[in-house]
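A.B. asks: Here it is, the structure, as structure tokens.
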Amino acid sequence: MLRFLQERVNKKTKATDAEAENNPLAQDDYDKISKKQARVKELMRLLAEKLGKENGVEGGQ
Amino acid sequence: MNLSINKPLLGLVVLGTLASGVCAQIQLPGAGTRPEAHMPAVPPVSVQNPFKPFDQPRFEKAARELGATALQVKTFGEDMAEIGAARAADDLLRKALPKFDEAVLAAEDRDPKAALLLAKVLVDTKSPLLQAHVRYHMARLFLSSDDPERAIDVLNEYIGSNINHSPLDGEAAYFYAQSLAEIPMIDAAIPRFNAFLAWFPEASERLRSAAHQRVLELELQKESRLHMLADGMKKTTRDLRKKKTDKPVQLDQEAYLEELDELIEMFQEMEKQSSGPASGLGPSNSPAASSALPGGEGKVGNLNKKPSLADRWGDMRDSERKKIMADVQNTMPPQYQKMLEEYYKKLGKADRK
């Protein structure tokens, strides 16, 4: 799921970048992708913390 | 029946299985991935300590030139022993300079006007001492607003133009390392925390303990590929919010996919090699030495949490926000105008608690 979600954010980032070349986009457009990236980050962190609780090394934070 | 599994689905299954504890005792070798896009320029750590011991007579002379009275300077001398030179110096400048005090009070009160007020004091002064104190507070403000890159920019100015004027140098060095850690530029942060510890033995015990703790945490963080990946994604989240969608950001995102692929493959390999009962179901490898409650204060968070800067900005009247933005556009030189415009835009978009 993480991979799938990150792949979607990557595609959206590329599309936004291409679109912005032709006409400037609103801050809202960037905020939407940023929030998607933040959600992937949060899931990644949750996974890292869950594994970290059960494993000394992966509990880096 | 089609038995082929596509990679995204496999990722869900493998990582999901791991999260449920089936393969908990894992070691993850490898360097991991770190973001590289739009990193702030960070000069190398000096081999030689560039900081000189605090020169009290020089500081007091500069403070008097800024308008501090003889009594205020005398009080500073007395306060130094009690609260430390850094805090006493900041208090002295705040007493001597009402506009600076107003700006710092606003920052402490999480008032959105704080960044503008601090920038105004900075623009109006040529004193490297006052510049040092203003930049220190600006950097703290940006750091508390989840903007470590801007904090680094301001602290680079501090280090470039303002060191050896104020006893705040140690704190500035600490928050420089802290900002790098937040970005995350862990490899740059660790030597700077260590330099802070070596160069400022007289810094407050609170900061020195925090620096020791951060070095330990960062060393562990470097070993955790999963946390490192989450840290990189956090940086990219900020890049995207700042309208950065260009090639370097896209390359970072591609690297996250490659890292996820590598981790998935690694976990699959570990799954294949594992045999017997799931390790998550067995006894712990590091059981507690005694059955007791962990130490620490018995409370659940701060029930009277102060509103954040974003909350305060959101609660302002439209007219108040417009006035601040007009002030930014009309009174600031170009470099600070751009910095503050971006800062306030970001505040307006930040998640409110």
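Chain labels follow the order of the structure tokens: the first chain is A, the next B, and so on; residue numbering restarts at 1 in every chain, and ligands are counted from 1 in their shown order.
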List as a tab-separated table every residue of chain A that is in contact with chain B, defined as an atom at most 8 Å from one of its atoms (using only C-alpha atoms), together with the nearest atom pair and the distance in Å rounded to one decimal, sorted by chain and then rising number.
C.D. replies:
```
residue	atom	partner	partner_atom	distance
A:Met1	CA	B:Leu12	CA	4.4
A:Leu2	CA	B:Leu12	CA	6.8
A:Arg3	CA	B:Pro8	CA	5.5
A:Phe4	CA	B:Pro8	CA	4.9
A:Gln6	CA	B:Leu257	CA	6.8
A:Glu7	CA	B:Leu257	CA	7.0
A:Asn10	CA	B:Gln253	CA	6.1
A:Thr13	CA	B:Thr245	CA	5.8
A:Lys14	CA	B:Thr245	CA	7.0
A:Thr16	CA	B:Thr245	CA	7.2
A:Asp17	CA	B:Thr245	CA	5.4
A:Gln27	CA	B:Lys243	CA	7.3
A:Tyr30	CA	B:Arg241	CA	5.6
A:Asp31	CA	B:Arg241	CA	5.3
A:Ile33	CA	B:Leu240	CA	6.8
A:Ser34	CA	B:Thr237	CA	4.8
A:Lys35	CA	B:Thr237	CA	7.1
A:Gln37	CA	B:Thr237	CA	5.5
A:Ala38	CA	B:Thr237	CA	5.6
A:Val40	CA	B:Met233	CA	7.7
A:Lys41	CA	B:Ala230	CA	5.1
A:Glu42	CA	B:Ala230	CA	7.3
A:Met44	CA	B:Ala230	CA	5.5
A:Arg45	CA	B:Ala230	CA	5.5
A:Leu47	CA	B:Ala19	CA	6.1
A:Ala48	CA	B:Leu226	CA	5.2
A:Glu49	CA	B:His227	CA	8.0
A:Lys50	CA	B:Ala19	CA	6.3
A:Leu51	CA	B:Ala24	CA	6.2
A:Glu54	CA	B:Ala24	CA	5.6
A:Asn55	CA	B:Gln25	CA	5.3
A:Val57	CA	B:Ser224	CA	6.6
A:Glu58	CA	B:Ser224	CA	4.8
A:Gly59	CA	B:Ser224	CA	7.0
A:Gly60	CA	B:Gln221	CA	4.3
A:Gln61	CA	B:Gln221	CA	6.1
```
A.B. asks: Next, write the just-selected residues to a file, as a compact mmCIF listing (two decimals), in the first residue's frame, keeping C-alpha atoms as the atom set.
C.D. replies:
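So the final result, stored in part_5.txt, reads:
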```txt
# COMPACT_ATOMS: atom_id res chain seq x y z
CA MET A 1 0.00 0.00 0.00
CA LEU A 2 2.82 2.37 0.90
CA ARG A 3 4.45 1.76 -2.44
CA PHE A 4 1.19 2.27 -4.25
CA GLN A 6 3.97 6.86 -2.97
CA GLU A 7 3.73 6.00 -6.65
CA ASN A 10 5.06 10.78 -7.58
CA THR A 13 3.98 15.68 -8.53
CA LYS A 14 5.15 15.18 -12.12
CA THR A 16 1.62 19.28 -11.36
CA ASP A 17 5.13 20.28 -12.39
CA GLN A 27 -1.08 27.28 -3.54
CA TYR A 30 0.55 22.27 -4.05
CA ASP A 31 -1.03 21.83 -0.63
CA ILE A 33 0.00 16.98 -3.10
CA SER A 34 1.86 17.96 0.04
CA LYS A 35 -0.95 16.48 2.16
CA GLN A 37 2.90 13.02 0.68
CA ALA A 38 2.35 13.74 4.38
CA VAL A 40 2.42 8.42 3.11
CA LYS A 41 5.01 9.76 5.53
CA GLU A 42 2.67 9.21 8.49
CA MET A 44 5.70 5.03 7.01
CA ARG A 45 6.35 6.44 10.47
CA LEU A 47 5.10 1.20 10.46
CA ALA A 48 8.60 2.17 11.61
CA GLU A 49 7.34 2.76 15.15
CA LYS A 50 5.34 -0.43 15.26
CA LEU A 51 8.32 -2.47 14.15
CA GLU A 54 9.39 -5.01 18.73
CA ASN A 55 12.95 -4.52 17.57
CA VAL A 57 17.52 -1.42 16.18
CA GLU A 58 14.56 -0.31 14.15
CA GLY A 59 13.30 1.72 17.08
CA GLY A 60 15.56 4.59 16.17
CA GLN A 61 13.26 7.33 17.39
```
A.B. asks: For CA of Ala96 in chain B and CA of Trp199 in chain B, quote the distance in Å rounded to one decimal.
C.D. replies: 29.4 Å
A.B. asks: Just the number, please: distance in Å from CA of Glu157 in chain B to CA of Ala89 in chain B, one decimal.
C.D. replies: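 About the pair CA of Glu157 in chain B and CA of Ala89 in chain B: they are 19.9 Å apart.
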A.B. asks: Distance CA of Ala26 in chain A-CA of Glu342 in chain B, one decimal place?
C.D. replies: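 CA of Ala26 in chain A sits 13.6 Å away from CA of Glu342 in chain B.
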A.B. asks: Looking at B:Gln213, B:Glu82, B:Leu92, B:Lys99, which one is nearest to Ala70 in chain B, with distances taken over only C-alpha atoms?
C.D. replies: B:Leu92
